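Colleague: This structure is in structure tokens; I'll ask about it shortly.
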Amino acid sequence: MSGIQTLVASEIFMRLNNNSFDNVGVSLAIFEIYGGRIQDLLNERNRLKVLEDGKGEVVVAGLKEFEASSPSDFLSLIEEGHNNRTTHATEANDVSSRSHAICQVLLRDKTTGKMKGKLSLVDLAGSERGTDTKSHNRQRRTESSDINTSLLALKECIRAIDSDSKHVPYRQSKLTLILKDCFVSKSARTAMISTLSPGSNSTDHTINTLRYADRIKEQESPR
């Protein structure tokens, strides 16, 4: 994910500078979804709420934005958020991410504060099989269950938009509710990147990831 974030930082500021968008500012907000809770990773892990207003817009209430005036500022905020993310040792990884982390890159008019564009970078926690969690304590198993449930909801939402379904079940989890505009907005574009390991000791996890990605793209139409 760090490589993608570096490319994003470079690309955004290059485009803003090249096109002379003098009145457009860049700000970041980073939060995680852990165990059904939403926590601000740039503001002392404050607990946040997800609300849907009368217009159907989903808002993460209390989420704090921080301005980035350069790629280095951008990446410094990313690093701070990453360092505050919830991790625990598991059988698969000594510092396994136990949450879904969402970085919102917001482009706003510096004078009016009006939103000009938004990019959501979502770093998902990996799905886990029962054999990977059999020796975990109750808390680790609960975390794994929450992770897998939200990943299933995400899969169903992506399959729904790719099959042109009239109903996208984005209310099945907090993750998909927060990403509602990615699924229902006609101007939004959504892409999923699967990370694979070439190591033979990760073969089972690689196959599991490929199966997940393959199920998502079933009946896929160009988007």
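Going through the structure tokens in order, the chains are called A, B, and so on, while each chain numbers its residues from 1 and the ligands are numbered from 1 in the order shown.
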Write out as a VMD selection string each polymer residue whose atoms come within 12 Å of stretch 13-16 of chain A, counting only C-alpha atoms; drop sequence neighbours fewer than 4 positions from it.
Modeller: chain A and resid 6 to 9 20 to 27 68 to 74 105 107 to 108
Colleague: Just to be explicit: take each residue in the selection above, keep C-alpha atoms, and write the result as a short mmCIF file (atom, residue, chain, number, x, y, z; two decimals), in the first residue's frame.
Modeller:
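Writing done, so here's out-v7.cif:
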data_model
loop_
_atom_site.label_atom_id
_atom_site.label_comp_id
_atom_site.auth_asym_id
_atom_site.auth_seq_id
_atom_site.Cartn_x
_atom_site.Cartn_y
_atom_site.Cartn_z
CA THR A 6 3.64 7.47 -2.76
CA LEU A 7 2.45 7.45 -6.37
CA VAL A 8 -0.82 9.12 -5.38
CA ALA A 9 0.98 11.90 -3.51
CA SER A 20 -2.38 25.92 -12.04
CA PHE A 21 -5.18 24.99 -9.62
CA ASP A 22 -4.04 27.69 -7.24
CA ASN A 23 -7.24 27.70 -5.23
CA VAL A 24 -7.50 23.95 -4.62
CA GLY A 25 -6.15 22.53 -1.39
CA VAL A 26 -5.37 18.94 -0.40
CA SER A 27 -6.30 17.49 2.97
CA ALA A 68 -1.07 18.65 3.11
CA SER A 69 0.80 21.27 1.12
CA SER A 70 3.37 18.95 -0.46
CA PRO A 71 3.99 15.25 -1.18
CA SER A 72 6.22 15.04 1.93
CA ASP A 73 3.40 16.43 4.13
CA PHE A 74 1.03 13.93 2.51
CA VAL A 105 -7.80 12.41 0.14
CA LEU A 107 -9.65 18.26 -2.74
CA ARG A 108 -11.43 21.44 -1.66
#
Colleague: Quick one: everything within 8 Å of A:Val168, counting only C-alpha atoms, minus sequence neighbours fewer than 5 positions away in the same chain. Send it as a ChimeraX atom specification.
Modeller: /A:156-157,160-161,183-184
Colleague: As a PDB file with N, CA and C atoms, in the first residue's frame, please: every residue in chain A that DSSP puts in helix (DSSP H, G or I).
Modeller:
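states.pdb written:
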ATOM      1  N   SER A   2       2.025   1.212   0.638  1.00  0.00           N
ATOM      2  CA  SER A   2       2.868   2.404   0.732  1.00  0.00           C
ATOM      3  C   SER A   2       3.313   2.884  -0.653  1.00  0.00           C
ATOM      4  N   GLY A   3       3.576   1.935  -1.569  1.00  0.00           N
ATOM      5  CA  GLY A   3       3.975   2.325  -2.910  1.00  0.00           C
ATOM      6  C   GLY A   3       2.869   3.060  -3.640  1.00  0.00           C
ATOM      7  N   ILE A   4       1.630   2.598  -3.471  1.00  0.00           N
ATOM      8  CA  ILE A   4       0.487   3.261  -4.099  1.00  0.00           C
ATOM      9  C   ILE A   4       0.312   4.658  -3.534  1.00  0.00           C
ATOM     10  N   GLN A   5       0.443   4.785  -2.222  1.00  0.00           N
ATOM     11  CA  GLN A   5       0.278   6.093  -1.583  1.00  0.00           C
ATOM     12  C   GLN A   5       1.346   7.081  -2.047  1.00  0.00           C
ATOM     13  N   THR A   6       2.568   6.604  -2.251  1.00  0.00           N
ATOM     14  CA  THR A   6       3.639   7.473  -2.757  1.00  0.00           C
ATOM     15  C   THR A   6       3.320   7.963  -4.163  1.00  0.00           C
ATOM     16  N   LEU A   7       2.827   7.069  -5.009  1.00  0.00           N
ATOM     17  CA  LEU A   7       2.445   7.447  -6.373  1.00  0.00           C
ATOM     18  C   LEU A   7       1.290   8.441  -6.368  1.00  0.00           C
ATOM     19  N   VAL A   8       0.327   8.216  -5.479  1.00  0.00           N
ATOM     20  CA  VAL A   8      -0.824   9.120  -5.382  1.00  0.00           C
ATOM     21  C   VAL A   8      -0.377  10.516  -4.979  1.00  0.00           C
ATOM     22  N   ALA A   9       0.490  10.591  -3.968  1.00  0.00           N
ATOM     23  CA  ALA A   9       0.983  11.900  -3.506  1.00  0.00           C
ATOM     24  C   ALA A   9       1.677  12.641  -4.636  1.00  0.00           C
ATOM     25  N   SER A  10       2.555  11.959  -5.349  1.00  0.00           N
ATOM     26  CA  SER A  10       3.289  12.577  -6.445  1.00  0.00           C
ATOM     27  C   SER A  10       2.360  13.030  -7.563  1.00  0.00           C
ATOM     28  N   GLU A  11       1.406  12.168  -7.923  1.00  0.00           N
ATOM     29  CA  GLU A  11       0.505  12.464  -9.041  1.00  0.00           C
ATOM     30  C   GLU A  11      -0.418  13.634  -8.735  1.00  0.00           C
ATOM     31  N   ILE A  12      -0.970  13.660  -7.528  1.00  0.00           N
ATOM     32  CA  ILE A  12      -1.918  14.724  -7.177  1.00  0.00           C
ATOM     33  C   ILE A  12      -1.247  16.094  -7.236  1.00  0.00           C
ATOM     34  N   PHE A  13      -0.100  16.229  -6.606  1.00  0.00           N
ATOM     35  CA  PHE A  13       0.548  17.543  -6.564  1.00  0.00           C
ATOM     36  C   PHE A  13       1.131  17.921  -7.924  1.00  0.00           C
ATOM     37  N   MET A  14       1.542  16.942  -8.707  1.00  0.00           N
ATOM     38  CA  MET A  14       2.020  17.245 -10.055  1.00  0.00           C
ATOM     39  C   MET A  14       0.877  17.800 -10.903  1.00  0.00           C
ATOM     40  N   ARG A  15      -0.298  17.178 -10.818  1.00  0.00           N
ATOM     41  CA  ARG A  15      -1.445  17.644 -11.598  1.00  0.00           C
ATOM     42  C   ARG A  15      -1.921  19.017 -11.134  1.00  0.00           C
ATOM     43  N   LEU A  16      -1.939  19.231  -9.828  1.00  0.00           N
ATOM     44  CA  LEU A  16      -2.366  20.533  -9.319  1.00  0.00           C
ATOM     45  C   LEU A  16      -1.417  21.638  -9.768  1.00  0.00           C
ATOM     46  N   ASN A  17      -0.123  21.356  -9.728  1.00  0.00           N
ATOM     47  CA  ASN A  17       0.866  22.361 -10.136  1.00  0.00           C
ATOM     48  C   ASN A  17       0.862  22.601 -11.643  1.00  0.00           C
ATOM     49  N   ASN A  18       0.744  21.547 -12.410  1.00  0.00           N
ATOM     50  CA  ASN A  18       0.780  21.672 -13.865  1.00  0.00           C
ATOM     51  C   ASN A  18      -0.441  22.376 -14.426  1.00  0.00           C
ATOM     52  N   PRO A  71       3.961  16.714  -1.283  1.00  0.00           N
ATOM     53  CA  PRO A  71       3.995  15.250  -1.177  1.00  0.00           C
ATOM     54  C   PRO A  71       4.593  14.760   0.140  1.00  0.00           C
ATOM     55  N   SER A  72       5.604  15.468   0.662  1.00  0.00           N
ATOM     56  CA  SER A  72       6.216  15.041   1.926  1.00  0.00           C
ATOM     57  C   SER A  72       5.234  15.188   3.087  1.00  0.00           C
ATOM     58  N   ASP A  73       4.446  16.274   3.105  1.00  0.00           N
ATOM     59  CA  ASP A  73       3.403  16.430   4.129  1.00  0.00           C
ATOM     60  C   ASP A  73       2.389  15.293   4.021  1.00  0.00           C
ATOM     61  N   PHE A  74       1.996  14.994   2.798  1.00  0.00           N
ATOM     62  CA  PHE A  74       1.034  13.935   2.509  1.00  0.00           C
ATOM     63  C   PHE A  74       1.515  12.603   3.100  1.00  0.00           C
ATOM     64  N   LEU A  75       2.751  12.251   2.798  1.00  0.00           N
ATOM     65  CA  LEU A  75       3.288  10.963   3.232  1.00  0.00           C
ATOM     66  C   LEU A  75       3.557  10.923   4.731  1.00  0.00           C
ATOM     67  N   SER A  76       3.861  12.074   5.325  1.00  0.00           N
ATOM     68  CA  SER A  76       4.050  12.127   6.784  1.00  0.00           C
ATOM     69  C   SER A  76       2.743  11.818   7.510  1.00  0.00           C
ATOM     70  N   LEU A  77       1.638  12.345   6.993  1.00  0.00           N
ATOM     71  CA  LEU A  77       0.334  12.060   7.585  1.00  0.00           C
ATOM     72  C   LEU A  77      -0.030  10.584   7.404  1.00  0.00           C
ATOM     73  N   ILE A  78       0.293  10.040   6.229  1.00  0.00           N
ATOM     74  CA  ILE A  78       0.043   8.625   5.973  1.00  0.00           C
ATOM     75  C   ILE A  78       0.804   7.760   6.981  1.00  0.00           C
ATOM     76  N   GLU A  79       2.065   8.097   7.212  1.00  0.00           N
ATOM     77  CA  GLU A  79       2.890   7.325   8.136  1.00  0.00           C
ATOM     78  C   GLU A  79       2.352   7.400   9.560  1.00  0.00           C
ATOM     79  N   GLU A  80       1.920   8.592   9.966  1.00  0.00           N
ATOM     80  CA  GLU A  80       1.354   8.745  11.312  1.00  0.00           C
ATOM     81  C   GLU A  80       0.117   7.880  11.478  1.00  0.00           C
ATOM     82  N   GLY A  81      -0.749   7.901  10.476  1.00  0.00           N
ATOM     83  CA  GLY A  81      -1.949   7.084  10.541  1.00  0.00           C
ATOM     84  C   GLY A  81      -1.627   5.602  10.584  1.00  0.00           C
ATOM     85  N   HIS A  82      -0.664   5.193   9.777  1.00  0.00           N
ATOM     86  CA  HIS A  82      -0.265   3.782   9.745  1.00  0.00           C
ATOM     87  C   HIS A  82       0.285   3.334  11.104  1.00  0.00           C
ATOM     88  N   ASN A  83       1.070   4.180  11.744  1.00  0.00           N
ATOM     89  CA  ASN A  83       1.660   3.831  13.037  1.00  0.00           C
ATOM     90  C   ASN A  83       0.616   3.697  14.138  1.00  0.00           C
ATOM     91  N   GLY A 130     -10.451 -20.634   9.136  1.00  0.00           N
ATOM     92  CA  GLY A 130     -10.531 -21.230  10.466  1.00  0.00           C
ATOM     93  C   GLY A 130      -9.230 -21.876  10.897  1.00  0.00           C
ATOM     94  N   THR A 131      -8.515 -22.480   9.956  1.00  0.00           N
ATOM     95  CA  THR A 131      -7.254 -23.137  10.300  1.00  0.00           C
ATOM     96  C   THR A 131      -6.178 -22.148  10.726  1.00  0.00           C
ATOM     97  N   ASP A 132      -6.347 -20.863  10.316  1.00  0.00           N
ATOM     98  CA  ASP A 132      -5.366 -19.844  10.678  1.00  0.00           C
ATOM     99  C   ASP A 132      -5.628 -19.266  12.065  1.00  0.00           C
ATOM    100  N   THR A 133      -6.807 -19.524  12.598  1.00  0.00           N
ATOM    101  CA  THR A 133      -7.192 -18.878  13.858  1.00  0.00           C
ATOM    102  C   THR A 133      -7.510 -19.879  14.969  1.00  0.00           C
ATOM    103  N   ARG A 138     -10.099 -15.646  22.304  1.00  0.00           N
ATOM    104  CA  ARG A 138     -11.452 -15.239  21.915  1.00  0.00           C
ATOM    105  C   ARG A 138     -11.460 -13.906  21.174  1.00  0.00           C
ATOM    106  N   GLN A 139     -10.638 -12.950  21.616  1.00  0.00           N
ATOM    107  CA  GLN A 139     -10.611 -11.638  20.978  1.00  0.00           C
ATOM    108  C   GLN A 139     -10.122 -11.733  19.540  1.00  0.00           C
ATOM    109  N   ARG A 140      -9.044 -12.514  19.311  1.00  0.00           N
ATOM    110  CA  ARG A 140      -8.525 -12.664  17.954  1.00  0.00           C
ATOM    111  C   ARG A 140      -9.556 -13.321  17.041  1.00  0.00           C
ATOM    112  N   ARG A 141     -10.272 -14.317  17.556  1.00  0.00           N
ATOM    113  CA  ARG A 141     -11.277 -14.997  16.736  1.00  0.00           C
ATOM    114  C   ARG A 141     -12.431 -14.063  16.412  1.00  0.00           C
ATOM    115  N   THR A 142     -12.809 -13.206  17.381  1.00  0.00           N
ATOM    116  CA  THR A 142     -13.875 -12.238  17.124  1.00  0.00           C
ATOM    117  C   THR A 142     -13.443 -11.240  16.059  1.00  0.00           C
ATOM    118  N   GLU A 143     -12.195 -10.782  16.151  1.00  0.00           N
ATOM    119  CA  GLU A 143     -11.656  -9.877  15.131  1.00  0.00           C
ATOM    120  C   GLU A 143     -11.713 -10.523  13.755  1.00  0.00           C
ATOM    121  N   SER A 144     -11.299 -11.786  13.674  1.00  0.00           N
ATOM    122  CA  SER A 144     -11.295 -12.496  12.400  1.00  0.00           C
ATOM    123  C   SER A 144     -12.698 -12.605  11.826  1.00  0.00           C
ATOM    124  N   SER A 145     -13.667 -12.878  12.696  1.00  0.00           N
ATOM    125  CA  SER A 145     -15.058 -12.981  12.255  1.00  0.00           C
ATOM    126  C   SER A 145     -15.557 -11.650  11.699  1.00  0.00           C
ATOM    127  N   ASP A 146     -15.245 -10.550  12.399  1.00  0.00           N
ATOM    128  CA  ASP A 146     -15.660  -9.212  11.942  1.00  0.00           C
ATOM    129  C   ASP A 146     -15.022  -8.881  10.596  1.00  0.00           C
ATOM    130  N   ILE A 147     -13.733  -9.213  10.454  1.00  0.00           N
ATOM    131  CA  ILE A 147     -13.017  -8.939   9.205  1.00  0.00           C
ATOM    132  C   ILE A 147     -13.658  -9.697   8.050  1.00  0.00           C
ATOM    133  N   ASN A 148     -13.888 -10.983   8.238  1.00  0.00           N
ATOM    134  CA  ASN A 148     -14.443 -11.802   7.167  1.00  0.00           C
ATOM    135  C   ASN A 148     -15.861 -11.383   6.791  1.00  0.00           C
ATOM    136  N   THR A 149     -16.647 -10.974   7.785  1.00  0.00           N
ATOM    137  CA  THR A 149     -18.021 -10.528   7.515  1.00  0.00           C
ATOM    138  C   THR A 149     -18.031  -9.271   6.651  1.00  0.00           C
ATOM    139  N   SER A 150     -17.155  -8.320   6.979  1.00  0.00           N
ATOM    140  CA  SER A 150     -17.117  -7.078   6.200  1.00  0.00           C
ATOM    141  C   SER A 150     -16.559  -7.310   4.799  1.00  0.00           C
ATOM    142  N   LEU A 151     -15.606  -8.239   4.662  1.00  0.00           N
ATOM    143  CA  LEU A 151     -15.071  -8.555   3.338  1.00  0.00           C
ATOM    144  C   LEU A 151     -16.130  -9.228   2.466  1.00  0.00           C
ATOM    145  N   LEU A 152     -16.969 -10.046   3.081  1.00  0.00           N
ATOM    146  CA  LEU A 152     -18.066 -10.665   2.333  1.00  0.00           C
ATOM    147  C   LEU A 152     -19.044  -9.599   1.842  1.00  0.00           C
ATOM    148  N   ALA A 153     -19.347  -8.626   2.712  1.00  0.00           N
ATOM    149  CA  ALA A 153     -20.248  -7.538   2.318  1.00  0.00           C
ATOM    150  C   ALA A 153     -19.648  -6.725   1.172  1.00  0.00           C
ATOM    151  N   LEU A 154     -18.340  -6.482   1.237  1.00  0.00           N
ATOM    152  CA  LEU A 154     -17.668  -5.738   0.169  1.00  0.00           C
ATOM    153  C   LEU A 154     -17.740  -6.505  -1.147  1.00  0.00           C
ATOM    154  N   LYS A 155     -17.498  -7.809  -1.082  1.00  0.00           N
ATOM    155  CA  LYS A 155     -17.564  -8.636  -2.283  1.00  0.00           C
ATOM    156  C   LYS A 155     -18.938  -8.545  -2.930  1.00  0.00           C
ATOM    157  N   GLU A 156     -19.989  -8.620  -2.112  1.00  0.00           N
ATOM    158  CA  GLU A 156     -21.343  -8.583  -2.652  1.00  0.00           C
ATOM    159  C   GLU A 156     -21.658  -7.228  -3.292  1.00  0.00           C
ATOM    160  N   CYS A 157     -21.124  -6.142  -2.716  1.00  0.00           N
ATOM    161  CA  CYS A 157     -21.356  -4.813  -3.284  1.00  0.00           C
ATOM    162  C   CYS A 157     -20.666  -4.668  -4.636  1.00  0.00           C
ATOM    163  N   ILE A 158     -19.416  -5.132  -4.727  1.00  0.00           N
ATOM    164  CA  ILE A 158     -18.685  -5.025  -5.987  1.00  0.00           C
ATOM    165  C   ILE A 158     -19.327  -5.900  -7.057  1.00  0.00           C
ATOM    166  N   ARG A 159     -19.772  -7.084  -6.684  1.00  0.00           N
ATOM    167  CA  ARG A 159     -20.447  -7.950  -7.645  1.00  0.00           C
ATOM    168  C   ARG A 159     -21.752  -7.316  -8.118  1.00  0.00           C
ATOM    169  N   ALA A 160     -22.441  -6.611  -7.208  1.00  0.00           N
ATOM    170  CA  ALA A 160     -23.707  -5.984  -7.574  1.00  0.00           C
ATOM    171  C   ALA A 160     -23.509  -4.886  -8.614  1.00  0.00           C
ATOM    172  N   ILE A 161     -22.482  -4.052  -8.431  1.00  0.00           N
ATOM    173  CA  ILE A 161     -22.282  -2.963  -9.394  1.00  0.00           C
ATOM    174  C   ILE A 161     -21.757  -3.497 -10.717  1.00  0.00           C
ATOM    175  N   ASP A 162     -20.984  -4.570 -10.682  1.00  0.00           N
ATOM    176  CA  ASP A 162     -20.450  -5.131 -11.926  1.00  0.00           C
ATOM    177  C   ASP A 162     -21.505  -5.902 -12.715  1.00  0.00           C
ATOM    178  N   TYR A 170     -25.050  -2.049   0.386  1.00  0.00           N
ATOM    179  CA  TYR A 170     -23.961  -1.357   1.072  1.00  0.00           C
ATOM    180  C   TYR A 170     -24.215  -1.170   2.563  1.00  0.00           C
ATOM    181  N   ARG A 171     -25.431  -1.411   3.021  1.00  0.00           N
ATOM    182  CA  ARG A 171     -25.720  -1.254   4.446  1.00  0.00           C
ATOM    183  C   ARG A 171     -25.386  -2.506   5.264  1.00  0.00           C
ATOM    184  N   GLN A 172     -24.808  -3.516   4.644  1.00  0.00           N
ATOM    185  CA  GLN A 172     -24.506  -4.756   5.359  1.00  0.00           C
ATOM    186  C   GLN A 172     -23.337  -4.626   6.328  1.00  0.00           C
ATOM    187  N   LYS A 174     -20.295  -1.535   8.148  1.00  0.00           N
ATOM    188  CA  LYS A 174     -19.869  -0.145   8.250  1.00  0.00           C
ATOM    189  C   LYS A 174     -18.876   0.201   7.146  1.00  0.00           C
ATOM    190  N   LEU A 175     -18.046  -0.775   6.768  1.00  0.00           N
ATOM    191  CA  LEU A 175     -17.089  -0.543   5.692  1.00  0.00           C
ATOM    192  C   LEU A 175     -17.799  -0.171   4.401  1.00  0.00           C
ATOM    193  N   THR A 176     -18.775  -0.953   3.987  1.00  0.00           N
ATOM    194  CA  THR A 176     -19.460  -0.684   2.725  1.00  0.00           C
ATOM    195  C   THR A 176     -20.382   0.541   2.823  1.00  0.00           C
ATOM    196  N   LEU A 177     -20.907   0.818   4.026  1.00  0.00           N
ATOM    197  CA  LEU A 177     -21.726   2.025   4.196  1.00  0.00           C
ATOM    198  C   LEU A 177     -20.880   3.274   3.986  1.00  0.00           C
ATOM    199  N   ILE A 178     -19.671   3.280   4.567  1.00  0.00           N
ATOM    200  CA  ILE A 178     -18.779   4.422   4.407  1.00  0.00           C
ATOM    201  C   ILE A 178     -18.379   4.607   2.950  1.00  0.00           C
ATOM    202  N   LYS A 180     -20.210   4.024   0.393  1.00  0.00           N
ATOM    203  CA  LYS A 180     -21.443   4.053  -0.383  1.00  0.00           C
ATOM    204  C   LYS A 180     -21.285   4.776  -1.714  1.00  0.00           C
ATOM    205  N   ASP A 181     -20.640   5.958  -1.702  1.00  0.00           N
ATOM    206  CA  ASP A 181     -20.545   6.730  -2.939  1.00  0.00           C
ATOM    207  C   ASP A 181     -19.729   5.999  -4.006  1.00  0.00           C
ATOM    208  N   CYS A 182     -18.829   5.100  -3.585  1.00  0.00           N
ATOM    209  CA  CYS A 182     -18.052   4.324  -4.550  1.00  0.00           C
ATOM    210  C   CYS A 182     -18.946   3.357  -5.318  1.00  0.00           C
ATOM    211  N   PHE A 183     -20.072   2.958  -4.698  1.00  0.00           N
ATOM    212  CA  PHE A 183     -20.945   1.965  -5.304  1.00  0.00           C
ATOM    213  C   PHE A 183     -22.133   2.568  -6.045  1.00  0.00           C
ATOM    214  N   VAL A 184     -22.630   3.717  -5.587  1.00  0.00           N
ATOM    215  CA  VAL A 184     -23.881   4.241  -6.153  1.00  0.00           C
ATOM    216  C   VAL A 184     -23.704   5.497  -6.991  1.00  0.00           C
ATOM    217  N   SER A 200       6.796 -19.679  -1.336  1.00  0.00           N
ATOM    218  CA  SER A 200       6.094 -20.958  -1.293  1.00  0.00           C
ATOM    219  C   SER A 200       5.368 -21.169   0.034  1.00  0.00           C
ATOM    220  N   ASN A 201       5.882 -20.556   1.107  1.00  0.00           N
ATOM    221  CA  ASN A 201       5.232 -20.724   2.406  1.00  0.00           C
ATOM    222  C   ASN A 201       3.928 -19.931   2.512  1.00  0.00           C
ATOM    223  N   SER A 202       3.650 -19.106   1.504  1.00  0.00           N
ATOM    224  CA  SER A 202       2.402 -18.325   1.492  1.00  0.00           C
ATOM    225  C   SER A 202       1.429 -18.835   0.441  1.00  0.00           C
ATOM    226  N   THR A 203       1.692 -20.040  -0.075  1.00  0.00           N
ATOM    227  CA  THR A 203       0.874 -20.572  -1.164  1.00  0.00           C
ATOM    228  C   THR A 203      -0.613 -20.617  -0.816  1.00  0.00           C
ATOM    229  N   ASP A 204      -0.934 -21.119   0.375  1.00  0.00           N
ATOM    230  CA  ASP A 204      -2.344 -21.234   0.762  1.00  0.00           C
ATOM    231  C   ASP A 204      -3.023 -19.871   0.806  1.00  0.00           C
ATOM    232  N   HIS A 205      -2.319 -18.875   1.353  1.00  0.00           N
ATOM    233  CA  HIS A 205      -2.897 -17.534   1.443  1.00  0.00           C
ATOM    234  C   HIS A 205      -3.031 -16.900   0.053  1.00  0.00           C
ATOM    235  N   THR A 206      -2.055 -17.167  -0.816  1.00  0.00           N
ATOM    236  CA  THR A 206      -2.117 -16.631  -2.174  1.00  0.00           C
ATOM    237  C   THR A 206      -3.314 -17.208  -2.921  1.00  0.00           C
ATOM    238  N   ILE A 207      -3.518 -18.506  -2.807  1.00  0.00           N
ATOM    239  CA  ILE A 207      -4.660 -19.139  -3.466  1.00  0.00           C
ATOM    240  C   ILE A 207      -5.970 -18.596  -2.914  1.00  0.00           C
ATOM    241  N   ASN A 208      -6.031 -18.396  -1.597  1.00  0.00           N
ATOM    242  CA  ASN A 208      -7.231 -17.847  -0.972  1.00  0.00           C
ATOM    243  C   ASN A 208      -7.539 -16.446  -1.508  1.00  0.00           C
ATOM    244  N   THR A 209      -6.485 -15.616  -1.658  1.00  0.00           N
ATOM    245  CA  THR A 209      -6.664 -14.269  -2.188  1.00  0.00           C
ATOM    246  C   THR A 209      -7.140 -14.304  -3.636  1.00  0.00           C
ATOM    247  N   LEU A 210      -6.567 -15.176  -4.435  1.00  0.00           N
ATOM    248  CA  LEU A 210      -6.967 -15.297  -5.831  1.00  0.00           C
ATOM    249  C   LEU A 210      -8.417 -15.763  -5.965  1.00  0.00           C
ATOM    250  N   ARG A 211      -8.815 -16.678  -5.090  1.00  0.00           N
ATOM    251  CA  ARG A 211     -10.205 -17.139  -5.119  1.00  0.00           C
ATOM    252  C   ARG A 211     -11.165 -16.000  -4.781  1.00  0.00           C
ATOM    253  N   TYR A 212     -10.785 -15.192  -3.781  1.00  0.00           N
ATOM    254  CA  TYR A 212     -11.617 -14.045  -3.395  1.00  0.00           C
ATOM    255  C   TYR A 212     -11.755 -13.070  -4.572  1.00  0.00           C
ATOM    256  N   ALA A 213     -10.622 -12.751  -5.211  1.00  0.00           N
ATOM    257  CA  ALA A 213     -10.647 -11.832  -6.342  1.00  0.00           C
ATOM    258  C   ALA A 213     -11.444 -12.412  -7.504  1.00  0.00           C
ATOM    259  N   ASP A 214     -11.324 -13.723  -7.727  1.00  0.00           N
ATOM    260  CA  ASP A 214     -12.038 -14.361  -8.829  1.00  0.00           C
ATOM    261  C   ASP A 214     -13.543 -14.325  -8.604  1.00  0.00           C
ATOM    262  N   ARG A 215     -13.962 -14.528  -7.355  1.00  0.00           N
ATOM    263  CA  ARG A 215     -15.394 -14.481  -7.059  1.00  0.00           C
ATOM    264  C   ARG A 215     -15.944 -13.077  -7.273  1.00  0.00           C
ATOM    265  N   ILE A 216     -15.135 -12.069  -6.948  1.00  0.00           N
ATOM    266  CA  ILE A 216     -15.582 -10.692  -7.116  1.00  0.00           C
ATOM    267  C   ILE A 216     -15.817 -10.358  -8.582  1.00  0.00           C
TER     268      ILE A 216
END
Colleague: Can you list, as a PyMOL selection string, every protein, DNA or RNA residue that comes within 12 Å of A:Lys64 when you count only C-alpha atoms, leaving out same-chain residues fewer than 3 positions away?
Modeller: chain A and resi 27-31+39-48+59-61+67+103-104+106
Colleague: Using only C-alpha atoms, which of A:Thr111, A:Asn19, A:Ser99, A:Ser120 sits nearest A:Met192?
Modeller: A:Ser120
Colleague: Can you measure atom CA of A:Leu121 to atom CA of A:Ile102 for me? One decimal in Å is fine.
Modeller: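 Result for atom CA of A:Leu121 versus atom CA of A:Ile102: 5.8 Å, one decimal.
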